[in-house]
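Enquirer: Below is model_5.cif; it holds mmCIF, C-alpha atoms.
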data_run
loop_
_atom_site.label_atom_id
_atom_site.label_comp_id
_atom_site.auth_asym_id
_atom_site.auth_seq_id
_atom_site.Cartn_x
_atom_site.Cartn_y
_atom_site.Cartn_z
CA MET A 1 -36.43 -47.04 8.07
CA TYR A 2 -39.66 -48.23 6.41
CA ARG A 3 -42.06 -49.77 8.91
CA ASP A 4 -45.36 -49.76 7.06
CA ILE A 5 -44.43 -52.10 4.26
CA SER A 6 -47.11 -53.89 2.29
CA VAL A 7 -46.84 -56.51 -0.42
CA LYS A 8 -49.35 -56.44 -3.23
CA LEU A 9 -49.76 -59.17 -5.84
CA VAL A 10 -51.73 -58.01 -8.86
CA ASP A 11 -53.18 -60.69 -11.13
CA VAL A 12 -50.05 -62.83 -10.84
CA SER A 13 -49.85 -66.00 -12.88
CA LYS A 14 -47.07 -68.42 -13.69
CA SER A 15 -46.80 -71.04 -16.41
CA ILE A 16 -43.83 -73.28 -17.13
CA GLY A 17 -44.05 -74.45 -20.71
CA THR A 18 -47.65 -75.52 -21.23
CA ARG A 19 -48.17 -76.22 -17.52
CA VAL A 20 -50.10 -73.53 -15.66
CA LEU A 21 -48.98 -73.36 -12.02
CA PHE A 22 -51.36 -70.64 -10.87
CA THR A 23 -53.35 -67.77 -12.34
CA GLY A 24 -55.00 -64.58 -11.19
CA ILE A 25 -53.52 -64.23 -7.72
CA ASN A 26 -54.51 -60.91 -6.18
CA LEU A 27 -53.71 -60.21 -2.56
CA VAL A 28 -52.22 -57.74 -0.14
CA VAL A 29 -50.11 -58.54 2.92
CA ASN A 30 -49.53 -55.61 5.25
CA ALA A 31 -46.91 -55.12 7.96
CA GLY A 32 -47.67 -57.26 10.99
CA GLN A 33 -49.72 -59.74 8.96
CA CYS A 34 -49.04 -63.31 7.98
CA LEU A 35 -50.11 -65.03 4.77
CA VAL A 36 -49.90 -68.79 4.54
CA ILE A 37 -49.75 -70.48 1.14
CA THR A 38 -50.65 -74.15 1.09
CA GLY A 39 -51.02 -76.68 -1.67
CA PRO A 40 -49.74 -80.04 -2.84
CA ASN A 41 -46.21 -80.63 -4.10
CA GLY A 42 -45.68 -78.99 -7.47
CA SER A 43 -48.55 -76.54 -7.03
CA GLY A 44 -46.15 -73.57 -7.21
CA LYS A 45 -45.80 -72.47 -3.56
CA SER A 46 -42.04 -72.11 -3.76
CA THR A 47 -42.25 -70.53 -7.20
CA LEU A 48 -44.67 -67.90 -5.88
CA LEU A 49 -42.26 -67.06 -3.05
CA LYS A 50 -39.38 -66.79 -5.52
CA ILE A 51 -41.49 -64.48 -7.68
CA ILE A 52 -42.18 -62.26 -4.67
CA ALA A 53 -38.45 -62.30 -3.86
CA GLY A 54 -37.65 -61.20 -7.42
CA LEU A 55 -35.70 -64.38 -8.17
CA ASN A 56 -38.26 -65.49 -10.74
CA GLN A 57 -40.50 -63.55 -13.08
CA PRO A 58 -44.29 -64.00 -13.22
CA THR A 59 -45.80 -64.92 -16.58
CA THR A 60 -48.35 -62.15 -16.11
CA GLY A 61 -49.09 -59.65 -13.37
CA ALA A 62 -46.88 -57.70 -11.02
CA ILE A 63 -45.54 -57.67 -7.48
CA GLN A 64 -45.57 -54.34 -5.73
CA ILE A 65 -43.83 -53.68 -2.44
CA ILE A 66 -45.01 -50.38 -1.12
CA SER A 67 -43.99 -48.22 1.81
CA ASN A 68 -45.13 -44.66 2.54
CA ASN A 69 -47.02 -44.71 -0.79
CA LYS A 70 -43.71 -45.31 -2.56
CA GLN A 71 -43.26 -48.43 -4.64
CA PHE A 72 -39.90 -50.12 -4.18
CA ASP A 73 -37.69 -50.77 -7.19
CA ALA A 74 -36.00 -54.14 -7.66
CA GLU A 75 -32.96 -53.18 -5.58
CA GLU A 76 -35.06 -51.84 -2.69
CA ARG A 77 -37.27 -54.91 -2.85
CA ARG A 78 -34.32 -57.25 -2.40
CA ALA A 79 -32.93 -55.10 0.39
CA CYS A 80 -36.09 -55.38 2.49
CA LEU A 81 -36.70 -59.12 2.36
CA GLY A 82 -35.30 -62.28 3.83
CA LEU A 83 -35.89 -65.72 2.36
CA ILE A 84 -35.61 -69.08 4.03
CA SER A 85 -35.88 -71.78 1.41
CA PRO A 86 -34.35 -75.15 0.60
CA GLU A 87 -32.97 -73.43 -2.51
CA ILE A 88 -30.94 -70.96 -0.45
CA ILE A 89 -27.59 -72.66 0.00
CA LEU A 90 -24.95 -71.12 2.23
CA TYR A 91 -21.20 -71.39 1.69
CA ALA A 92 -19.95 -74.81 2.73
CA ASP A 93 -16.33 -73.61 2.88
CA LEU A 94 -17.13 -70.83 5.34
CA THR A 95 -18.03 -71.27 8.98
CA GLY A 96 -21.51 -70.45 10.24
CA ARG A 97 -20.19 -67.22 11.74
CA GLU A 98 -18.43 -66.26 8.50
CA ASN A 99 -21.60 -66.89 6.49
CA ILE A 100 -23.59 -64.54 8.73
CA LEU A 101 -20.84 -61.94 8.60
CA PHE A 102 -20.59 -62.19 4.81
CA PHE A 103 -24.29 -61.94 4.01
CA THR A 104 -24.94 -59.15 6.49
CA ARG A 105 -22.07 -57.18 4.96
CA LEU A 106 -23.62 -57.71 1.52
CA ARG A 107 -26.82 -56.26 2.95
CA LYS A 108 -24.74 -53.37 4.24
CA ILE A 109 -25.50 -54.29 7.84
CA ARG A 110 -22.63 -54.33 10.28
CA CYS A 111 -22.86 -57.22 12.73
CA ASN A 112 -20.27 -57.48 15.47
CA GLU A 113 -19.01 -60.72 16.97
CA HIS A 114 -21.15 -60.29 20.06
CA GLN A 115 -24.32 -59.95 17.98
CA ILE A 116 -23.44 -62.98 15.83
CA GLU A 117 -22.79 -64.96 19.00
CA GLY A 118 -26.26 -63.94 20.19
CA TYR A 119 -28.01 -64.97 16.97
CA CYS A 120 -26.20 -68.31 16.93
CA GLN A 121 -27.09 -68.82 20.58
CA LYS A 122 -30.76 -68.21 19.83
CA VAL A 123 -30.85 -70.86 17.10
CA GLY A 124 -28.76 -73.38 19.02
CA LEU A 125 -25.55 -73.04 17.01
CA ALA A 126 -23.39 -71.32 19.62
CA ILE A 127 -20.97 -74.25 19.89
CA ASP A 128 -20.80 -74.97 16.17
CA LYS A 129 -20.67 -71.46 14.78
CA ASP A 130 -16.94 -71.71 14.09
CA GLN A 131 -17.19 -75.03 12.27
CA LEU A 132 -17.26 -75.14 8.46
CA VAL A 133 -20.82 -75.38 7.14
CA ARG A 134 -19.81 -78.48 5.14
CA THR A 135 -19.65 -80.32 8.47
CA TYR A 136 -23.21 -79.24 9.46
CA SER A 137 -26.21 -81.54 9.31
CA THR A 138 -29.21 -80.42 7.23
CA GLY A 139 -30.98 -79.35 10.42
CA MET A 140 -28.00 -77.26 11.50
CA ARG A 141 -27.89 -75.63 8.06
CA GLN A 142 -31.56 -74.74 8.44
CA ARG A 143 -30.82 -73.24 11.86
CA LEU A 144 -28.02 -71.20 10.32
CA LYS A 145 -30.52 -69.77 7.81
CA LEU A 146 -32.71 -68.81 10.79
CA ALA A 147 -29.73 -67.08 12.43
CA LEU A 148 -29.12 -65.21 9.20
CA MET A 149 -32.76 -64.12 9.15
CA LEU A 150 -32.40 -62.83 12.71
CA ALA A 151 -29.26 -60.92 11.74
CA MET A 152 -30.91 -59.37 8.67
CA GLN A 153 -34.12 -58.37 10.51
CA PRO A 154 -35.96 -57.94 7.18
CA LEU A 155 -39.32 -56.21 6.83
CA LEU A 156 -40.65 -58.95 4.59
CA TRP A 157 -40.12 -62.56 5.58
CA LEU A 158 -40.54 -65.25 2.95
CA LEU A 159 -40.47 -68.68 4.56
CA ASP A 160 -40.57 -71.75 2.34
CA GLU A 161 -41.21 -74.82 4.50
CA PRO A 162 -39.21 -73.22 7.32
CA SER A 163 -39.41 -76.17 9.69
CA SER A 164 -38.13 -78.73 7.20
CA ASN A 165 -35.31 -80.83 8.68
CA LEU A 166 -35.83 -79.31 12.13
CA ASP A 167 -36.44 -81.24 15.33
CA ALA A 168 -39.18 -80.36 17.85
CA ASP A 169 -36.98 -77.74 19.48
CA GLY A 170 -36.27 -76.18 16.10
CA LYS A 171 -40.00 -76.06 15.31
CA ARG A 172 -40.65 -74.23 18.57
CA LEU A 173 -37.92 -71.80 17.59
CA ILE A 174 -39.61 -71.15 14.23
CA ALA A 175 -42.96 -70.54 15.94
CA GLN A 176 -41.30 -68.11 18.35
CA MET A 177 -39.49 -66.31 15.53
CA ILE A 178 -42.70 -65.88 13.53
CA SER A 179 -44.53 -64.50 16.58
CA ASN A 180 -41.68 -62.09 17.30
CA GLY A 181 -41.49 -61.04 13.66
CA LEU A 182 -45.19 -60.21 13.58
CA GLU A 183 -44.87 -58.26 16.83
CA GLN A 184 -42.05 -56.27 15.23
CA ASN A 185 -44.37 -55.43 12.33
CA ALA A 186 -42.77 -57.63 9.67
CA ALA A 187 -44.94 -58.89 6.82
CA ILE A 188 -44.60 -62.68 6.71
CA ILE A 189 -45.47 -65.07 3.89
CA ILE A 190 -45.12 -68.78 4.61
CA ALA A 191 -45.36 -71.61 2.10
CA THR A 192 -46.11 -74.73 4.06
CA ASN A 193 -48.29 -77.77 4.51
CA GLU A 194 -47.62 -77.99 8.26
CA PRO A 195 -50.89 -77.25 10.12
CA TRP A 196 -49.06 -75.70 13.11
CA GLU A 197 -47.25 -73.19 10.88
CA ALA A 198 -50.57 -72.26 9.30
CA GLU A 199 -51.86 -71.29 12.77
CA HIS A 200 -50.05 -67.96 12.45
CA ALA A 201 -52.02 -67.04 9.34
CA ASP A 202 -54.13 -63.91 9.02
CA TYR A 203 -54.96 -65.09 5.50
CA LYS A 204 -54.54 -68.37 3.68
CA ILE A 205 -54.50 -69.23 0.03
CA GLU A 206 -54.44 -72.73 -1.34
CA LEU A 207 -52.83 -73.43 -4.66
CA ALA A 208 -54.37 -76.33 -6.56
CA MET B 1 -31.70 -52.50 15.07
CA PRO B 2 -27.89 -52.63 15.41
CA THR B 3 -26.93 -51.59 11.93
CA ILE B 4 -24.48 -49.27 10.30
CA ARG B 5 -24.90 -48.78 6.57
CA LEU B 6 -21.80 -49.80 4.69
CA ASN B 7 -20.88 -48.60 1.25
CA LEU B 8 -20.42 -50.41 -2.04
CA LEU B 9 -16.66 -50.69 -1.58
CA ASN B 10 -17.20 -52.67 1.60
CA CYS B 11 -19.48 -55.08 -0.27
CA ILE B 12 -16.89 -55.48 -3.04
CA TRP B 13 -14.24 -56.13 -0.40
CA ALA B 14 -16.49 -58.65 1.37
CA ILE B 15 -17.05 -60.63 -1.84
CA MET B 16 -13.36 -60.59 -2.71
CA MET B 17 -12.40 -61.73 0.79
CA LYS B 18 -15.07 -64.45 0.76
CA ASP B 19 -13.78 -65.81 -2.55
CA GLY B 20 -10.23 -65.58 -1.24
CA LEU B 21 -11.10 -67.45 1.95
CA CYS B 22 -12.97 -70.20 0.07
CA GLU B 23 -10.08 -70.48 -2.40
CA PHE B 24 -7.54 -70.62 0.42
CA ARG B 25 -9.49 -73.49 1.99
CA THR B 26 -10.15 -75.49 -1.19
CA ARG B 27 -7.39 -74.36 -3.59
CA TYR B 28 -9.53 -75.32 -6.61
CA ALA B 29 -8.40 -72.48 -8.90
CA VAL B 30 -4.89 -71.98 -7.52
CA SER B 31 -3.99 -75.61 -8.10
CA ALA B 32 -5.36 -75.58 -11.66
CA LEU B 33 -3.63 -72.33 -12.56
CA PHE B 34 -0.26 -73.09 -11.03
CA MET B 35 -0.01 -76.68 -12.25
CA PHE B 36 -0.94 -75.60 -15.78
CA ALA B 37 1.73 -72.87 -15.73
CA LEU B 38 4.42 -75.13 -14.31
CA ILE B 39 3.78 -78.01 -16.70
CA SER B 40 3.58 -75.71 -19.74
CA LEU B 41 6.80 -73.89 -18.88
CA ALA B 42 8.65 -77.11 -18.13
CA SER B 43 7.42 -78.65 -21.40
CA ILE B 44 8.48 -75.65 -23.47
CA SER B 45 11.84 -75.50 -21.73
CA MET B 46 12.52 -79.19 -22.36
CA SER B 47 11.39 -78.90 -25.98
CA ILE B 48 13.65 -76.02 -26.92
CA GLY B 49 16.63 -77.17 -24.83
CA ALA B 50 19.44 -74.60 -24.85
CA ALA B 51 18.14 -72.82 -27.98
CA SER B 52 17.19 -69.18 -27.70
CA LEU B 53 13.78 -68.17 -29.01
CA PRO B 54 13.13 -64.93 -30.93
CA ALA B 55 11.78 -62.13 -28.72
CA ASP B 56 8.37 -61.93 -30.41
CA LEU B 57 7.86 -65.69 -30.05
CA THR B 58 8.94 -65.59 -26.39
CA ALA B 59 6.51 -62.73 -25.72
CA ALA B 60 3.69 -64.62 -27.42
CA LEU B 61 4.50 -67.73 -25.36
CA LEU B 62 4.31 -65.76 -22.11
CA TRP B 63 0.90 -64.29 -22.91
CA VAL B 64 -0.50 -67.52 -24.33
CA LEU B 65 0.59 -69.17 -21.09
CA LEU B 66 -1.11 -66.51 -18.96
CA PHE B 67 -4.24 -66.64 -21.13
CA PHE B 68 -4.64 -70.39 -20.83
CA CYS B 69 -3.87 -70.30 -17.11
CA ALA B 70 -6.75 -67.84 -16.81
CA MET B 71 -8.95 -70.13 -18.89
CA ALA B 72 -8.08 -73.02 -16.57
CA GLY B 73 -9.12 -71.29 -13.37
CA LEU B 74 -10.72 -67.88 -13.51
CA SER B 75 -14.19 -69.00 -14.60
CA ARG B 76 -14.64 -70.64 -11.20
CA VAL B 77 -15.73 -67.38 -9.58
CA PHE B 78 -19.17 -67.77 -11.13
CA VAL B 79 -19.23 -71.42 -12.18
CA GLN B 80 -18.54 -72.56 -8.62
CA GLU B 81 -21.39 -70.39 -7.29
CA GLU B 82 -23.73 -71.87 -9.90
CA GLU B 83 -22.67 -75.47 -9.36
CA SER B 84 -22.84 -75.32 -5.56
CA GLY B 85 -26.18 -73.48 -5.62
CA THR B 86 -24.92 -70.52 -3.58
CA ILE B 87 -25.65 -68.14 -6.45
CA ILE B 88 -29.30 -67.75 -5.35
CA ALA B 89 -28.32 -66.41 -1.94
CA LEU B 90 -25.76 -64.16 -3.59
CA GLN B 91 -28.39 -62.84 -6.03
CA LEU B 92 -30.82 -62.24 -3.20
CA TYR B 93 -28.52 -60.49 -0.78
CA GLY B 94 -25.78 -58.96 -2.97
CA SER B 95 -25.98 -56.08 -5.40
CA GLY B 96 -24.95 -56.92 -8.96
CA GLN B 97 -22.19 -54.33 -9.16
CA ALA B 98 -20.66 -55.43 -5.86
CA VAL B 99 -20.63 -59.04 -7.04
CA LEU B 100 -19.06 -58.15 -10.41
CA PHE B 101 -16.31 -55.96 -9.02
CA GLY B 102 -15.67 -58.20 -6.00
CA LYS B 103 -15.11 -61.16 -8.29
CA LEU B 104 -13.11 -59.09 -10.75
CA LEU B 105 -10.83 -57.93 -7.94
CA PHE B 106 -10.36 -61.53 -6.81
CA ASN B 107 -9.48 -62.64 -10.35
CA ILE B 108 -7.02 -59.76 -10.79
CA ILE B 109 -5.27 -60.66 -7.53
CA MET B 110 -5.18 -64.35 -8.48
CA LEU B 111 -3.69 -63.62 -11.89
CA LEU B 112 -1.15 -61.13 -10.54
CA ALA B 113 -0.06 -63.64 -7.91
CA LEU B 114 0.27 -66.30 -10.59
CA THR B 115 2.25 -63.90 -12.78
CA MET B 116 4.64 -63.25 -9.90
CA LEU B 117 5.22 -66.99 -9.70
CA ILE B 118 5.49 -67.51 -13.45
CA ILE B 119 7.88 -64.70 -14.35
CA PRO B 120 10.95 -66.02 -12.44
CA LEU B 121 10.31 -69.50 -13.88
CA PHE B 122 9.83 -67.99 -17.32
CA ILE B 123 13.14 -66.12 -17.10
CA LEU B 124 14.88 -69.21 -15.75
CA PHE B 125 13.48 -71.83 -18.11
CA LEU B 126 13.56 -69.75 -21.32
CA ASN B 127 16.78 -67.91 -20.53
CA VAL B 128 15.20 -64.50 -21.11
CA ASP B 129 16.71 -61.07 -20.43
CA ILE B 130 14.33 -58.31 -19.32
CA TYR B 131 15.69 -54.85 -20.17
CA HIS B 132 13.07 -52.41 -18.92
CA TRP B 133 11.72 -53.87 -15.69
CA SER B 134 9.46 -50.99 -14.68
CA ILE B 135 7.71 -50.90 -18.06
CA PHE B 136 7.57 -54.69 -18.14
CA ILE B 137 5.77 -54.70 -14.78
CA VAL B 138 3.28 -52.09 -16.02
CA VAL B 139 2.60 -54.18 -19.15
CA LEU B 140 2.12 -57.31 -17.03
CA ILE B 141 -0.27 -55.55 -14.66
CA LEU B 142 -2.34 -54.03 -17.48
CA GLY B 143 -2.38 -57.31 -19.42
CA ASP B 144 -3.43 -59.26 -16.33
CA ILE B 145 -6.21 -56.79 -15.56
CA GLY B 146 -7.45 -57.17 -19.14
CA ILE B 147 -7.43 -60.97 -18.96
CA ALA B 148 -9.17 -60.90 -15.57
CA ALA B 149 -11.82 -58.40 -16.75
CA ALA B 150 -12.63 -60.37 -19.90
CA SER B 151 -12.64 -63.67 -17.96
CA THR B 152 -14.91 -62.36 -15.23
CA ILE B 153 -17.68 -61.11 -17.50
CA THR B 154 -17.58 -64.16 -19.77
CA ALA B 155 -17.60 -66.44 -16.71
CA ALA B 156 -20.82 -64.71 -15.64
CA MET B 157 -22.25 -65.23 -19.14
CA VAL B 158 -21.45 -68.94 -19.36
CA ALA B 159 -22.12 -69.94 -15.74
CA LYS B 160 -25.67 -71.12 -16.45
CA THR B 161 -24.91 -72.75 -19.81
CA GLN B 162 -24.13 -76.29 -20.88
CA GLY B 163 -20.54 -76.85 -22.09
CA LYS B 164 -19.41 -73.84 -20.12
CA ASN B 165 -15.67 -74.62 -20.25
CA ALA B 166 -15.42 -74.63 -24.04
CA LEU B 167 -17.75 -71.66 -24.34
CA PHE B 168 -15.72 -69.71 -21.77
CA THR B 169 -12.53 -69.82 -23.86
CA VAL B 170 -14.35 -69.25 -27.16
CA LEU B 171 -16.11 -66.15 -25.81
CA THR B 172 -13.16 -64.71 -23.90
CA PHE B 173 -10.64 -64.83 -26.72
CA PRO B 174 -12.29 -62.39 -29.17
CA ILE B 175 -13.12 -59.96 -26.35
CA LEU B 176 -9.51 -60.01 -25.24
CA LEU B 177 -7.81 -60.09 -28.66
CA PRO B 178 -6.96 -56.36 -29.01
CA GLN B 179 -5.52 -56.27 -25.48
CA PHE B 180 -3.76 -59.57 -26.03
CA LEU B 181 -2.01 -58.39 -29.22
CA SER B 182 -0.92 -55.15 -27.53
CA SER B 183 0.49 -57.07 -24.56
CA ILE B 184 2.47 -59.37 -26.86
CA SER B 185 3.74 -56.45 -28.94
CA ALA B 186 4.81 -54.42 -25.89
CA THR B 187 6.46 -57.42 -24.25
CA ALA B 188 8.32 -58.31 -27.47
CA LYS B 189 9.72 -54.77 -27.64
CA ILE B 190 10.88 -54.97 -24.03
CA LEU B 191 12.62 -58.29 -24.70
CA MET B 192 14.35 -56.66 -27.72
CA ASN B 193 15.61 -53.83 -25.48
CA VAL B 194 13.24 -51.33 -27.11
CA LYS B 195 10.90 -49.22 -24.98
CA PRO B 196 7.27 -49.69 -26.01
CA ASP B 197 5.47 -46.59 -27.27
CA ILE B 198 3.47 -44.75 -24.64
CA SER B 199 0.49 -45.13 -26.99
CA ASP B 200 0.72 -48.95 -26.58
CA ILE B 201 0.54 -48.61 -22.81
CA LEU B 202 -2.27 -46.07 -22.99
CA PHE B 203 -4.23 -48.32 -25.35
CA MET B 204 -3.94 -51.21 -22.88
CA ALA B 205 -5.09 -49.05 -19.98
CA ALA B 206 -7.97 -47.56 -22.00
CA TYR B 207 -9.06 -50.98 -23.21
CA ASN B 208 -9.23 -52.19 -19.61
CA VAL B 209 -11.36 -49.21 -18.62
CA VAL B 210 -13.73 -49.75 -21.56
CA LEU B 211 -13.93 -53.46 -20.78
CA MET B 212 -14.84 -52.76 -17.14
CA ILE B 213 -17.45 -50.15 -18.03
CA ALA B 214 -19.03 -52.46 -20.63
CA SER B 215 -18.98 -55.33 -18.11
CA SER B 216 -20.66 -53.15 -15.52
CA ILE B 217 -23.44 -52.22 -17.95
CA VAL B 218 -24.00 -55.78 -19.21
CA PHE B 219 -23.72 -57.48 -15.83
CA ASP B 220 -26.98 -56.23 -14.32
CA TYR B 221 -28.88 -57.85 -17.21
CA LEU B 222 -27.02 -61.11 -16.68
CA TRP B 223 -27.43 -61.04 -12.93
CA TYR B 224 -31.06 -60.08 -12.52
CA ASP B 225 -32.75 -61.50 -15.64
#
Would you mind writing the structure in this file as structure tokens?
Expert:
Amino acid sequence: MYRDISVKLVDVSKSIGTRVLFTGINLVVNAGQCLVITGPNGSGKSTLLKIIAGLNQPTTGAIQIISNNKQFDAEERRACLGLISPEIILYADLTGRENILFFTRLRKIRCNEHQIEGYCQKVGLAIDKDQLVRTYSTGMRQRLKLALMLAMQPLLWLLDEPSSNLDADGKRLIAQMISNGLEQNAAIIIATNEPWEAEHADYKIELA
Amino acid sequence: MPTIRLNLLNCIWAIMMKDGLCEFRTRYAVSALFMFALISLASISMSIGAASLPADLTAALLWVLLFFCAMAGLSRVFVQEEESGTIIALQLYGSGQAVLFGKLLFNIIMLLALTMLIIPLFILFLNVDIYHWSIFIVVLILGDIGIAAASTITAAMVAKTQGKNALFTVLTFPILLPQFLSSISATAKILMNVKPDISDILFMAAYNVVLMIASSIVFDYLWYD
């Protein structure tokens, strides 16, 4: 198990057509640290997270995820991260429990029923975990993504507006999860414009 | 952390079961495939009446029917993921090879199940005699695997494109043509009470293996880039 993960962005830039989203981003996020990315809509916060996740390619520069002086390849990078984003859509024709079971199996993690029950309980989905996700509200779907994150226990957390669609109780849950994640030595990168989420930051960058 | 590392086969199985469960609940592909097969067979049967078709034409009809059934439903394994937006989570959490072979396995099972439904109707409606059942079953299985393998990789290719339905058929047909012609030839021989050459069967099996290996190599580029 790698516990000293660090994420390094080297001169990362992204352009879409003639529009430059950001240029020259250089930073390092170590295990147990939190980076908060802020900026107006369309500034490229979500795109930067997707680039770090390997779902999008930077125009220039590189993302390095390093542990024990070893740089992860693309497969290892995906295996060590968890992403909560509005663009992550879970299967509407599976139940909440089945979604967790499916994605953890894809990550080669075995989750038993008792553990899934526990994760669902933590995010307030204990009663609804056996309902099809198509019957969930947007807030419940967001909570299911949180449960999935708990089940994955990734070393690198990428959170894109994690409290969107959540009520006050859900926001407290996010704050608690971030604190616990940092205590467990995860590296956390949050794209947000919520001031209370930014309170967790060890570093902040603002995209124009 | 309560984890036990599972192997690739488990991931393939998980993807196949997930697709099966979603299909069981929605019946998108099953309905399209089965209705197409039923309507086509009934139409052909009504058109020819009591007349008996030559064996080579009957064999061609069977494989054309299976091919277009596949075209009607098998692309959904990737197109549905793309259209519903679930493909991003699958890309993030699943390995490319597990996704490819999980979906291939699902398509093979779908097509074999459909074939099991079609064959009795085919025999009934077209008044066909099958002389070498064991070889016929082998030909059907190999042919179905070929159709499923070609359909799965082309579905992955066209999933992000415009006009994916037309493109799916246009791309699948040339990839499948050698296998398709062998299946028709072997089936025609069986219907004429002639055993197909072992070389025909071996060619079909080898073509499937080549198709799967080529798909496996190409798929990582499609999936990650």
Enquirer: Quick check: residues of chain A within 10 Å of chain B, only C-alpha atoms, returned as a PyMOL selection string.
Expert: chain A and resi 50+53-57+74-75+77-85+87-94+98-99+101-112+115+151-153
Enquirer: Quick one: pull the distance between CA of Ala32 in chain B and CA of Leu66 in chain B, Å, one decimal.
Expert: 12.4 Å
Enquirer: Hey, what's within 10 Å of Ala51 in chain B if we count only C-alpha atoms and toss same-chain stuff fewer than 3 positions away? As a list in words, please?
Expert: Ser45, Ser47, Ile48, Pro54, Leu126 and Asn127 of chain B
Enquirer: If the PyMOL selection byres ((chain B and resi 42) around 12) is run on the structure shown, which residues does it catch, given as an mmCIF file with C-alpha atoms, in the frame of the given file?
Expert:
data_model
loop_
_atom_site.group_PDB
_atom_site.id
_atom_site.type_symbol
_atom_site.label_atom_id
_atom_site.label_comp_id
_atom_site.auth_asym_id
_atom_site.auth_seq_id
_atom_site.Cartn_x
_atom_site.Cartn_y
_atom_site.Cartn_z
ATOM 1 C CA MET B 35 -0.010 -76.680 -12.250
ATOM 2 C CA PHE B 36 -0.940 -75.600 -15.780
ATOM 3 C CA ALA B 37 1.730 -72.870 -15.730
ATOM 4 C CA LEU B 38 4.420 -75.130 -14.310
ATOM 5 C CA ILE B 39 3.780 -78.010 -16.700
ATOM 6 C CA SER B 40 3.580 -75.710 -19.740
ATOM 7 C CA LEU B 41 6.800 -73.890 -18.880
ATOM 8 C CA SER B 43 7.420 -78.650 -21.400
ATOM 9 C CA ILE B 44 8.480 -75.650 -23.470
ATOM 10 C CA SER B 45 11.840 -75.500 -21.730
ATOM 11 C CA MET B 46 12.520 -79.190 -22.360
ATOM 12 C CA SER B 47 11.390 -78.900 -25.980
ATOM 13 C CA ILE B 48 13.650 -76.020 -26.920
ATOM 14 C CA GLY B 49 16.630 -77.170 -24.830
ATOM 15 C CA LEU B 65 0.590 -69.170 -21.090
ATOM 16 C CA ILE B 118 5.490 -67.510 -13.450
ATOM 17 C CA LEU B 121 10.310 -69.500 -13.880
ATOM 18 C CA PHE B 122 9.830 -67.990 -17.320
ATOM 19 C CA ILE B 123 13.140 -66.120 -17.100
ATOM 20 C CA LEU B 124 14.880 -69.210 -15.750
ATOM 21 C CA PHE B 125 13.480 -71.830 -18.110
ATOM 22 C CA LEU B 126 13.560 -69.750 -21.320
#
Enquirer: Applying the PyMOL selection byres ((chain A and resi 45) around 10) to the file I just gave you, which residues come out? Please list them as a PyMOL selection string.
Expert: chain A and resi 21-22+36-44+46-51+160-161+190-193+205-208
Enquirer: For Gln64 in chain A, find every residue with an atom within 10 Å (counting all atoms listed in the file), except residues of its own chain fewer than 2 positions away, and show them as JSON, numbers by chain.
Expert: {"A": [6, 7, 8, 9, 10, 28, 52, 61, 62, 66, 67, 70, 71, 72, 73, 74, 77]}
Enquirer: To verify the selection step, state as a list in words which residues the PyMOL selection byres ((chain A and resi 122-133) around 8) yields on this input.
Expert: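 Going through the file, the PyMOL selection byres ((chain A and resi 122-133) around 8) ends up selecting Leu90, Tyr91, Ala92, Asp93, Leu94, Thr95, Gly96, Arg97, Glu98, Glu117, Gly118, Tyr119, Cys120, Gln121, Arg134, Thr135, Tyr136, Met140, Arg141, Arg143, Leu144, Leu146, Ala147, Gly170 and Leu173 of chain A.
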Enquirer: Report as a VMD selection string all protein, DNA and RNA residues lying within 10 Å of Val218 in chain B, evaluated on all atoms listed in the file, omitting residues in the same chain fewer than 6 positions from it.
Expert: chain B and resid 153 157 212
Enquirer: What does the distance between CA of Leu222 in chain B and CA of Ala156 in chain B come to in Å, to one decimal place?
Expert: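 CA of Leu222 in chain B sits 7.2 Å away from CA of Ala156 in chain B.
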Enquirer: Using all atoms listed in the file - which residues lie no farther than 12 Å from the point (-16.9, -58.2, -14.2) in the file's frame? Write them as a VMD selection string.
Expert: chain B and resid 12 74 to 75 77 to 78 96 to 108 145 to 157 208 to 220 222 to 223
Enquirer: Could you tell me how far CA of Gly20 in chain B lies from CA of Gln162 in chain B, in Å and to one decimal?
Expert: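 Going from CA of Gly20 in chain B over to CA of Gln162 in chain B covers 26.3 Å.
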Enquirer: Please, what is the axis-aligned box for every listed atom of range 37-50 of chain B with 3 Å on each side, as centre and edge lengths in Å to one decimal, as AutoDock Vina command-line options?
Expert:
--center_x 10.6 --center_y -76.0 --center_z -20.6 --size_x 23.7 --size_y 12.3 --size_z 18.6
